[in-house]
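The next block is input.cif, given as mmCIF, C-alpha atoms.
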```cif
data_run
loop_
_atom_site.label_atom_id
_atom_site.label_comp_id
_atom_site.auth_asym_id
_atom_site.auth_seq_id
_atom_site.Cartn_x
_atom_site.Cartn_y
_atom_site.Cartn_z
CA MET L 252 80.73 27.44 186.35
CA ILE L 253 80.97 23.78 187.16
CA ASP L 254 79.51 22.06 184.10
CA SER L 255 79.54 18.45 185.30
CA VAL L 256 80.90 16.15 188.00
CA SER L 257 81.57 12.43 188.30
CA LEU L 258 82.61 10.43 191.35
CA ARG L 259 83.59 6.79 191.92
CA ASN L 260 84.24 5.14 195.28
CA PHE L 261 84.24 8.48 197.12
CA GLY L 262 83.05 7.70 200.65
CA PRO L 263 79.30 6.97 200.62
CA LEU L 264 79.10 7.99 196.94
CA GLN L 265 80.10 4.86 195.08
CA GLU L 266 79.01 6.00 191.63
CA LEU L 267 77.65 9.38 190.58
CA GLU L 268 77.34 11.27 187.30
CA TRP L 269 75.76 14.75 187.21
CA ASP L 270 75.96 16.90 184.11
CA ASP L 271 74.15 19.84 182.51
CA LEU L 272 74.58 21.78 185.75
CA GLY L 273 73.02 25.23 186.06
CA ALA L 274 73.26 28.46 188.01
CA ILE L 275 71.23 26.85 190.83
CA ASN L 276 71.61 23.14 191.60
CA LEU L 277 69.78 21.17 194.28
CA VAL L 278 70.86 17.98 196.07
CA LEU L 279 68.09 16.13 197.92
CA GLY L 280 68.30 13.19 200.29
CA GLU L 281 67.60 11.85 203.73
CA ASN L 282 70.06 12.26 206.59
CA GLY L 283 73.20 10.24 205.91
CA SER L 284 72.56 9.96 202.16
CA GLY L 285 75.74 11.85 201.24
CA LYS L 286 74.39 15.35 200.45
CA THR L 287 76.95 17.23 202.53
CA PHE L 288 79.67 14.81 201.46
CA LEU L 289 79.03 15.66 197.81
CA LEU L 290 79.12 19.40 198.49
CA LYS L 291 82.42 18.99 200.34
CA ALA L 292 83.90 16.95 197.49
CA LEU L 293 83.03 19.73 195.05
CA TYR L 294 84.25 22.38 197.48
CA THR L 295 87.70 20.80 197.93
CA ALA L 296 88.16 20.66 194.15
CA VAL L 297 87.09 24.28 193.60
CA LYS L 298 89.23 25.61 196.48
CA THR L 299 92.20 23.68 195.09
CA LEU L 300 91.74 25.47 191.77
CA GLU L 301 91.40 28.83 193.54
CA ALA L 302 94.56 28.37 195.62
CA HIS L 303 96.70 26.99 192.78
CA LYS L 304 99.17 29.60 191.44
CA ARG L 305 97.64 32.33 193.60
CA GLY L 306 100.09 34.96 194.73
CA ASP L 307 103.35 33.49 195.98
CA ASP L 308 101.91 30.03 196.71
CA ARG L 309 104.33 27.66 194.97
CA ARG L 310 102.57 24.42 195.95
CA SER L 311 101.47 22.10 193.18
CA ALA L 312 97.78 21.38 192.61
CA ALA L 313 98.36 17.88 194.03
CA GLU L 314 99.86 19.29 197.25
CA ILE L 315 97.00 21.76 197.69
CA LEU L 316 94.40 19.06 197.01
CA LEU L 317 95.93 16.65 199.52
CA ASP L 318 95.90 19.32 202.23
CA LYS L 319 92.33 20.37 201.37
CA LEU L 320 90.99 16.81 201.46
CA TYR L 321 92.78 16.13 204.76
CA TRP L 322 91.42 19.20 206.58
CA THR L 323 87.96 19.11 205.03
CA PHE L 324 87.13 15.44 205.61
CA GLN L 325 89.49 15.01 208.61
CA GLU L 326 90.32 11.34 208.13
CA ASP L 327 93.59 9.91 209.48
CA LYS L 328 94.78 9.66 205.88
CA VAL L 329 93.06 10.68 202.64
CA GLY L 330 93.10 7.06 201.48
CA ASP L 331 90.40 6.40 204.08
CA LEU L 332 88.01 8.35 201.83
CA VAL L 333 87.93 5.41 199.39
CA SER L 334 84.57 3.65 199.74
CA LYS L 335 84.72 0.66 202.07
CA GLY L 336 84.78 -2.57 200.11
CA ALA L 337 85.58 -0.80 196.83
CA SER L 338 87.70 -2.86 194.43
CA GLY L 339 89.07 0.19 192.63
CA PRO L 340 90.50 3.61 193.51
CA LEU L 341 88.63 6.79 194.37
CA ARG L 342 88.05 8.82 191.21
CA PHE L 343 86.86 12.42 190.95
CA GLY L 344 86.20 14.28 187.73
CA MET L 345 84.88 17.78 187.14
CA VAL L 346 84.44 19.90 184.03
CA PHE L 347 84.81 23.59 184.83
CA ASP L 348 84.17 26.14 182.07
CA ASP L 349 84.65 23.31 179.54
CA ARG L 350 88.02 22.38 181.05
CA ALA L 351 88.72 19.16 182.95
CA PHE L 352 90.01 18.61 186.47
CA ARG L 353 90.50 14.97 187.53
CA TYR L 354 92.27 12.97 190.18
CA GLU L 355 92.32 9.49 191.66
CA PHE L 356 94.03 7.64 194.51
CA GLY L 357 93.87 4.36 196.38
CA ARG L 358 93.28 3.31 199.95
CA ALA L 359 96.96 3.44 200.91
CA THR L 360 97.35 7.11 199.94
CA ALA L 361 98.61 9.22 202.81
CA LYS L 362 101.21 11.79 201.75
CA GLN L 363 100.99 12.21 197.99
CA ILE L 364 98.39 12.20 195.21
CA THR L 365 100.23 11.14 192.06
CA SER L 366 97.37 10.92 189.58
CA ILE L 367 95.95 14.39 188.94
CA GLU L 368 95.04 16.19 185.73
CA ASN L 369 94.27 19.91 185.68
CA HIS L 370 93.38 21.95 182.61
CA VAL L 371 91.46 24.69 184.44
CA GLU L 372 92.79 28.24 184.34
CA PRO L 373 93.83 29.74 187.73
CA ARG L 374 90.86 31.34 189.48
CA PRO L 375 91.18 34.75 191.18
CA ASP L 376 87.71 34.39 192.73
CA ASP L 377 86.66 32.95 196.10
CA SER L 378 83.99 30.36 196.66
CA VAL L 379 82.38 29.65 200.03
CA PHE L 380 80.72 26.84 201.92
CA LEU L 381 77.84 27.85 204.18
CA PRO L 382 77.39 25.03 206.72
CA ALA L 383 74.12 24.08 208.38
CA LYS L 384 75.51 25.02 211.80
CA GLU L 385 76.08 28.67 212.64
CA VAL L 386 79.58 30.12 212.73
CA LEU L 387 79.47 33.65 214.15
CA SER L 388 79.25 32.81 217.85
CA LEU L 389 82.13 30.32 217.41
CA HIS L 390 84.24 32.55 215.17
CA GLN L 391 87.24 32.97 217.45
CA VAL L 392 87.07 29.38 218.69
CA ILE L 393 87.25 28.10 215.11
CA LEU L 394 90.25 30.29 214.27
CA SER L 395 92.06 29.40 217.48
CA SER L 396 91.52 25.64 217.13
CA ARG L 397 92.94 25.63 213.63
CA GLU L 398 95.60 28.35 213.67
CA ARG L 399 97.00 27.79 217.14
CA ASP L 400 96.07 24.24 218.17
CA LYS L 401 95.97 22.68 214.66
CA VAL L 402 93.51 19.99 215.72
CA PHE L 403 90.58 18.27 214.09
CA GLY L 404 87.13 19.50 215.04
CA PHE L 405 86.21 22.37 212.77
CA ASP L 406 86.89 21.34 209.18
CA ASP L 407 88.02 23.61 206.36
CA THR L 408 84.47 24.62 205.43
CA TYR L 409 84.24 26.34 208.84
CA TYR L 410 87.82 27.58 208.93
CA ASP L 411 87.77 29.08 205.45
CA LEU L 412 84.46 30.80 206.19
CA ALA L 413 85.74 32.19 209.49
CA ARG L 414 88.74 33.72 207.69
CA MET L 415 86.58 35.21 204.95
CA LEU L 416 84.29 36.83 207.51
CA GLN L 417 87.30 38.67 208.95
CA GLN L 418 87.69 40.75 205.80
CA PRO L 419 86.54 44.36 206.36
CA ARG L 420 83.46 45.66 204.59
CA THR L 421 84.25 47.52 201.38
CA ARG L 422 82.69 50.87 200.66
CA GLY L 423 81.68 52.12 197.24
CA ARG L 424 79.43 50.91 194.48
CA ASN L 425 78.62 47.22 194.39
CA TYR L 426 77.08 45.06 191.69
CA LYS L 427 73.42 45.92 191.21
CA GLU L 428 72.18 42.44 192.16
CA PHE L 429 74.50 42.33 195.17
CA ALA L 430 73.32 45.70 196.50
CA GLU L 431 69.69 44.68 196.00
CA SER L 432 70.30 41.37 197.78
CA ARG L 433 71.95 43.09 200.74
CA ARG L 434 68.98 45.45 201.14
CA ARG L 435 66.60 42.50 201.09
CA LEU L 436 68.70 40.45 203.50
CA GLU L 437 68.88 43.27 206.04
CA ALA L 438 65.15 43.97 205.64
CA MET L 439 64.28 40.36 206.51
CA PHE L 440 65.19 40.92 210.16
CA GLU L 441 65.29 44.74 210.21
CA GLY L 442 68.95 44.87 211.08
CA ARG L 443 72.37 43.44 210.33
CA VAL L 444 75.22 41.63 212.00
CA ALA L 445 78.57 43.36 212.38
CA TYR L 446 81.97 42.59 213.86
CA ASP L 447 82.97 44.66 216.89
CA ALA L 448 86.77 44.91 216.66
CA ARG L 449 87.01 46.31 220.20
CA SER L 450 85.32 43.35 221.89
CA ARG L 451 86.32 40.91 219.12
CA GLU L 452 82.81 39.54 218.80
CA TRP L 453 79.90 39.60 216.40
CA VAL L 454 76.78 41.55 217.33
CA PHE L 455 73.34 42.06 215.82
CA LYS L 456 72.34 45.70 215.36
CA THR L 457 68.77 46.83 214.90
CA GLY L 458 67.87 50.49 215.29
CA ASN L 459 69.78 51.79 218.31
CA GLN L 460 70.00 48.37 219.92
CA ARG L 461 72.68 45.74 219.72
CA PHE L 462 72.62 42.13 220.83
CA SER L 463 75.32 39.52 221.32
CA MET L 464 75.33 36.42 219.15
CA GLY L 465 74.34 34.33 222.15
CA VAL L 466 70.84 35.83 222.21
CA THR L 467 70.49 36.29 218.45
CA ALA L 468 68.27 33.91 216.47
CA GLU L 469 70.02 31.28 214.35
CA GLY L 470 68.23 32.48 211.21
CA VAL L 471 69.53 36.01 211.73
CA LYS L 472 73.08 34.69 211.95
CA LYS L 473 72.69 32.77 208.69
CA ILE L 474 71.37 35.83 206.89
CA GLY L 475 74.10 37.95 208.47
CA ILE L 476 76.85 35.68 207.13
CA LEU L 477 75.63 35.99 203.55
CA ASP L 478 75.20 39.75 203.94
CA THR L 479 78.75 40.07 205.30
CA LEU L 480 80.28 38.09 202.42
CA LEU L 481 78.51 40.35 199.95
CA GLY L 482 79.51 43.46 201.88
CA ASN L 483 83.24 42.65 202.13
CA ARG L 484 83.35 41.60 198.45
CA THR L 485 84.42 38.02 199.19
CA LEU L 486 81.66 36.98 196.81
CA THR L 487 81.99 38.03 193.19
CA PRO L 488 79.93 37.18 190.10
CA ARG L 489 82.24 34.18 189.47
CA SER L 490 82.02 32.74 192.98
CA ILE L 491 80.43 29.40 193.77
CA VAL L 492 78.35 29.05 196.93
CA PHE L 493 77.84 25.64 198.53
CA PHE L 494 74.84 26.02 200.83
CA ASP L 495 74.18 23.12 203.22
CA GLU L 496 70.58 23.01 204.49
CA PRO L 497 69.55 26.63 203.82
CA GLU L 498 66.29 25.84 205.64
CA SER L 499 68.07 25.16 208.94
CA ALA L 500 66.65 27.39 211.74
CA MET L 501 64.61 29.37 209.21
CA HIS L 502 60.87 30.13 209.19
CA PRO L 503 59.17 29.01 205.91
CA ARG L 504 58.58 32.64 204.90
CA ALA L 505 62.24 33.44 205.51
CA ILE L 506 63.24 30.38 203.46
CA SER L 507 61.16 31.70 200.58
CA ASP L 508 62.71 35.18 200.85
CA LEU L 509 66.22 33.72 201.07
CA LEU L 510 65.75 31.60 197.95
CA ASP L 511 64.45 34.62 196.04
CA ILE L 512 67.75 36.28 196.93
CA VAL L 513 69.64 33.17 195.79
CA ALA L 514 67.83 33.48 192.44
CA THR L 515 68.80 37.15 192.19
CA LEU L 516 72.47 36.41 192.93
CA SER L 517 72.49 33.56 190.43
CA ARG L 518 71.43 36.03 187.74
CA ALA L 519 74.52 38.07 188.63
CA GLY L 520 76.70 35.05 187.89
CA ILE L 521 77.11 33.21 191.21
CA GLN L 522 76.60 29.45 190.94
CA PHE L 523 74.80 27.75 193.83
CA PHE L 524 74.81 24.16 195.05
CA LEU L 525 72.20 23.62 197.75
CA ALA L 526 71.74 20.46 199.83
CA SER L 527 68.39 20.03 201.51
CA HIS L 528 65.73 17.70 202.85
CA SER L 529 63.02 20.35 203.07
CA TYR L 530 59.80 20.31 201.07
CA PHE L 531 59.68 24.12 201.39
CA VAL L 532 63.03 24.44 199.61
CA VAL L 533 61.99 22.10 196.80
CA LYS L 534 58.62 23.80 196.32
CA LYS L 535 60.05 27.32 196.34
CA LEU L 536 62.79 26.46 193.85
CA TYR L 537 60.19 24.74 191.66
CA LEU L 538 58.23 28.02 191.60
CA VAL L 539 61.41 29.96 190.81
CA ALA L 540 62.13 27.59 187.94
CA GLN L 541 58.59 27.82 186.56
CA GLU L 542 58.29 31.61 186.86
CA ASN L 543 61.64 32.23 185.16
CA ALA L 544 61.76 29.25 182.74
CA LEU L 545 64.97 28.41 184.59
CA SER L 546 66.86 25.14 184.55
CA ILE L 547 67.39 23.96 188.15
CA PRO L 548 68.98 20.49 188.08
CA VAL L 549 68.09 18.17 190.97
CA LEU L 550 70.06 15.18 192.22
CA SER L 551 68.15 12.86 194.59
CA LEU L 552 70.44 10.62 196.64
CA GLY L 553 69.03 7.41 198.08
CA ARG L 554 69.63 3.72 198.70
CA ASP L 555 69.13 2.96 194.99
CA GLY L 556 71.72 5.49 193.87
CA ALA L 557 71.32 8.97 192.41
CA ILE L 558 68.30 10.06 190.37
CA ARG L 559 68.48 13.18 188.23
CA ALA L 560 65.64 15.58 187.44
CA ASN L 561 65.03 19.24 186.67
CA LEU L 562 62.60 21.57 188.43
CA ARG L 563 61.95 23.29 185.10
CA ASP L 564 60.15 20.08 184.09
CA GLY L 565 58.10 19.71 187.29
CA MET L 566 58.35 18.44 190.84
CA PRO L 567 60.65 15.40 191.01
CA ASP L 568 59.85 11.97 192.42
CA ASN L 569 61.45 11.99 195.85
CA PRO L 570 60.70 10.58 199.33
CA ILE L 571 60.63 14.13 200.78
CA ILE L 572 57.84 15.12 198.41
CA ASP L 573 56.06 11.77 198.78
CA GLU L 574 55.95 12.16 202.56
CA SER L 575 54.65 15.73 202.30
CA ILE L 576 51.84 14.56 199.99
CA ARG L 577 51.07 11.63 202.30
CA LEU L 578 50.69 13.93 205.30
CA TYR L 579 48.46 16.29 203.29
CA GLU L 580 46.23 13.41 202.16
CA GLU L 581 46.07 12.12 205.73
CA GLU L 582 44.97 15.57 206.91
CA VAL L 583 42.28 15.76 204.21
CA GLU L 584 41.03 12.30 205.10
CA MET L 585 40.75 13.25 208.77
CA ALA L 586 38.89 16.44 207.84
CA VAL L 587 36.23 14.68 205.73
CA SER L 588 35.76 11.61 207.95
#
```
Rewritten as structure tokens:
Amino acid sequence: MIDSVSLRNFGPLQELEWDDLGAINLVLGENGSGKTFLLKALYTAVKTLEAHKRGDDRRSAAEILLDKLYWTFQEDKVGDLVSKGASGPLRFGMVFDDRAFRYEFGRATAKQITSIENHVEPRPDDSVFLPAKEVLSLHQVILSSRERDKVFGFDDTYYDLARMLQQPRTRGRNYKEFAESRRRLEAMFEGRVAYDARSREWVFKTGNQRFSMGVTAEGVKKIGILDTLLGNRTLTPRSIVFFDEPESAMHPRAISDLLDIVATLSRAGIQFFLASHSYFVVKKLYLVAQENALSIPVLSLGRDGAIRANLRDGMPDNPIIDESIRLYEEEVEMAVS
């Protein structure tokens, strides 16, 4: 697992320290606070470690990292990721299974990252980024724009996911928690999504009916993606899942069911980083933490920097929660007046 992370002058994140990370980790913040940016920073580091020394890939970790930063953040040059007005270089540090991975570079960096330190063992596992926007109906467009046209638009979080979804489903026994999670995912909408190789499109199947992605609910697509990654064995007990806005296009009951599945998968070994601005997500994970005596670290991003908390210790101080309480009190006041 990722044990800790530190960032300096990394885009909107000028200074951040987050340690004692757990199986489930939650990033809170308003729009534009840097939640997705943080998840992408972690994702580029993890994917660099997973690509390094894999198979016949002879690229150095620095070469892989440069390419990953370029295609994930899609700036003209990676040096543009240095915080505007920063007097020092961008610095990233991560401790992974008690081993360090660090790098830094300045604003002029374009073709080479010279300062990198990697003590992490090569990883045979695959980690995934689940973006807030759906992917299935754009699957072929994403692949075409990157593999044929090689243009900015869909970053590496989308491209990597699109490639992983192409892997065929694997038959045979699966991990107990994975099989249970797949049954629960498919039960949520009484069906599943599947790739039709003949028409080269994704469809939603329920009973004897099938529907195109264009008329399938966004929440079904999100559930279908996770089910597919479990079914084709992309996800393993050592994977890391970066989940951006799991509440997007989901009914509150479905959010609750989905986070129960996240808790089940975390017990199998998968580490989760979730970014959200939903009171439902915070409240549900608080209940998960309390019911299981589970450490769920929380990082709240705001104008005054990052504030750390843990849902095991109670609901954190956060504008999302404050606004939810304010609306509840306003409703009560209207009811009694």
Test item: the PyMOL selection byres ((chain L and resi 410) around 12) resolved as a PyMOL selection string: chain L and resi 319+322-323+379-382+386-387+389-398+401-409+411-417
Residues matched by the PyMOL selection byres ((chain L and resi 328-343) around 9) as a PyMOL selection string: chain L and resi 256-265+292+296+317+320-321+324-327+344-345+352-362
Selection result of the PyMOL selection byres ((chain L and resi 502-519) around 7) on this file, as a list in words: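 In the shown coordinates, the PyMOL selection byres ((chain L and resi 502-519) around 7) covers Ala274, Ile275, Glu428, Phe429, Ser432, Pro488, Glu498, Ala500, Met501, Gly520, Ile521, Gln522, Phe531 and Lys535 of chain L.
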Can you pull out the residues contacting L:Phe524? Cut-off 7 Å, using all atoms listed in the file, and skip same-chain residues under 3 positions away; I want them as a tab-separated table (two decimals) with C-alpha atoms, in the frame of the given file.
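As a result, selection23.tsv now contains:
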```tsv
chain	number	residue	atom	x	y	z
L	275	ILE	CA	71.23	26.85	190.83
L	276	ASN	CA	71.61	23.14	191.60
L	277	LEU	CA	69.78	21.17	194.28
L	492	VAL	CA	78.35	29.05	196.93
L	493	PHE	CA	77.84	25.64	198.53
L	494	PHE	CA	74.84	26.02	200.83
```
Selection as a list in words: residues within 6 Å of (73.5, 4.0, 190.8), counting only C-alpha atoms: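 The residues near that point, listed by chain and number, are Glu266, Gly556 and Ala557 of chain L.
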Any chance you could turn stretch 501-567 of chain L into a file with C-alpha atoms, as a short mmCIF file (atom, residue, chain, number, x, y, z; two decimals), in the first residue's frame?
```
data_model
loop_
_atom_site.label_atom_id
_atom_site.label_comp_id
_atom_site.auth_asym_id
_atom_site.auth_seq_id
_atom_site.Cartn_x
_atom_site.Cartn_y
_atom_site.Cartn_z
CA MET L 501 -25.64 7.77 -8.30
CA HIS L 502 -28.77 7.61 -6.13
CA PRO L 503 -27.97 7.89 -2.37
CA ARG L 504 -28.99 4.26 -1.81
CA ALA L 505 -26.72 3.15 -4.65
CA ILE L 506 -23.87 5.22 -3.16
CA SER L 507 -24.34 3.39 0.13
CA ASP L 508 -24.34 -0.02 -1.58
CA LEU L 509 -21.28 0.90 -3.65
CA LEU L 510 -19.29 1.98 -0.59
CA ASP L 511 -20.19 -1.25 1.19
CA ILE L 512 -18.60 -3.03 -1.78
CA VAL L 513 -15.56 -0.75 -1.54
CA ALA L 514 -15.24 -1.82 2.12
CA THR L 515 -15.47 -5.49 1.12
CA LEU L 516 -12.79 -5.11 -1.56
CA SER L 517 -10.53 -3.23 0.84
CA ARG L 518 -10.65 -6.22 3.18
CA ALA L 519 -9.35 -8.32 0.27
CA GLY L 520 -6.32 -6.04 0.01
CA ILE L 521 -7.24 -3.34 -2.52
CA GLN L 522 -6.34 0.17 -1.39
CA PHE L 523 -8.80 2.95 -2.26
CA PHE L 524 -8.36 6.69 -2.64
CA LEU L 525 -11.70 8.44 -3.06
CA ALA L 526 -12.22 12.12 -3.89
CA SER L 527 -15.62 13.55 -3.09
CA HIS L 528 -17.71 16.55 -2.14
CA SER L 529 -20.76 14.54 -1.09
CA TYR L 530 -22.17 14.43 2.43
CA PHE L 531 -23.60 10.98 1.63
CA VAL L 532 -20.12 9.62 0.92
CA VAL L 533 -18.68 11.09 4.12
CA LYS L 534 -21.57 9.85 6.27
CA LYS L 535 -21.55 6.34 4.81
CA LEU L 536 -17.79 5.96 5.23
CA TYR L 537 -18.09 7.28 8.78
CA LEU L 538 -20.59 4.48 9.49
CA VAL L 539 -18.28 1.93 7.86
CA ALA L 540 -15.42 3.15 10.04
CA GLN L 541 -17.50 3.03 13.22
CA GLU L 542 -19.06 -0.38 12.56
CA ASN L 543 -15.71 -2.00 11.74
CA ALA L 544 -13.39 0.02 14.04
CA LEU L 545 -11.63 0.90 10.78
CA SER L 546 -9.13 3.68 10.19
CA ILE L 547 -10.32 5.84 7.26
CA PRO L 548 -7.97 8.83 6.92
CA VAL L 549 -9.54 12.03 5.60
CA LEU L 550 -7.77 14.94 3.91
CA SER L 551 -9.83 18.14 3.60
CA LEU L 552 -8.48 20.54 0.98
CA GLY L 553 -9.38 24.22 1.24
CA ARG L 554 -8.11 27.77 0.99
CA ASP L 555 -6.25 27.40 4.30
CA GLY L 556 -4.40 24.30 3.19
CA ALA L 557 -4.98 20.64 4.00
CA ILE L 558 -6.56 19.43 7.24
CA ARG L 559 -6.20 15.80 8.30
CA ALA L 560 -8.73 13.73 10.25
CA ASN L 561 -9.90 10.15 10.62
CA LEU L 562 -13.48 8.88 10.35
CA ARG L 563 -12.69 6.32 13.05
CA ASP L 564 -12.56 9.28 15.46
CA GLY L 565 -15.79 10.94 14.28
CA MET L 566 -17.15 13.21 11.57
CA PRO L 567 -14.51 15.76 10.53
#
```
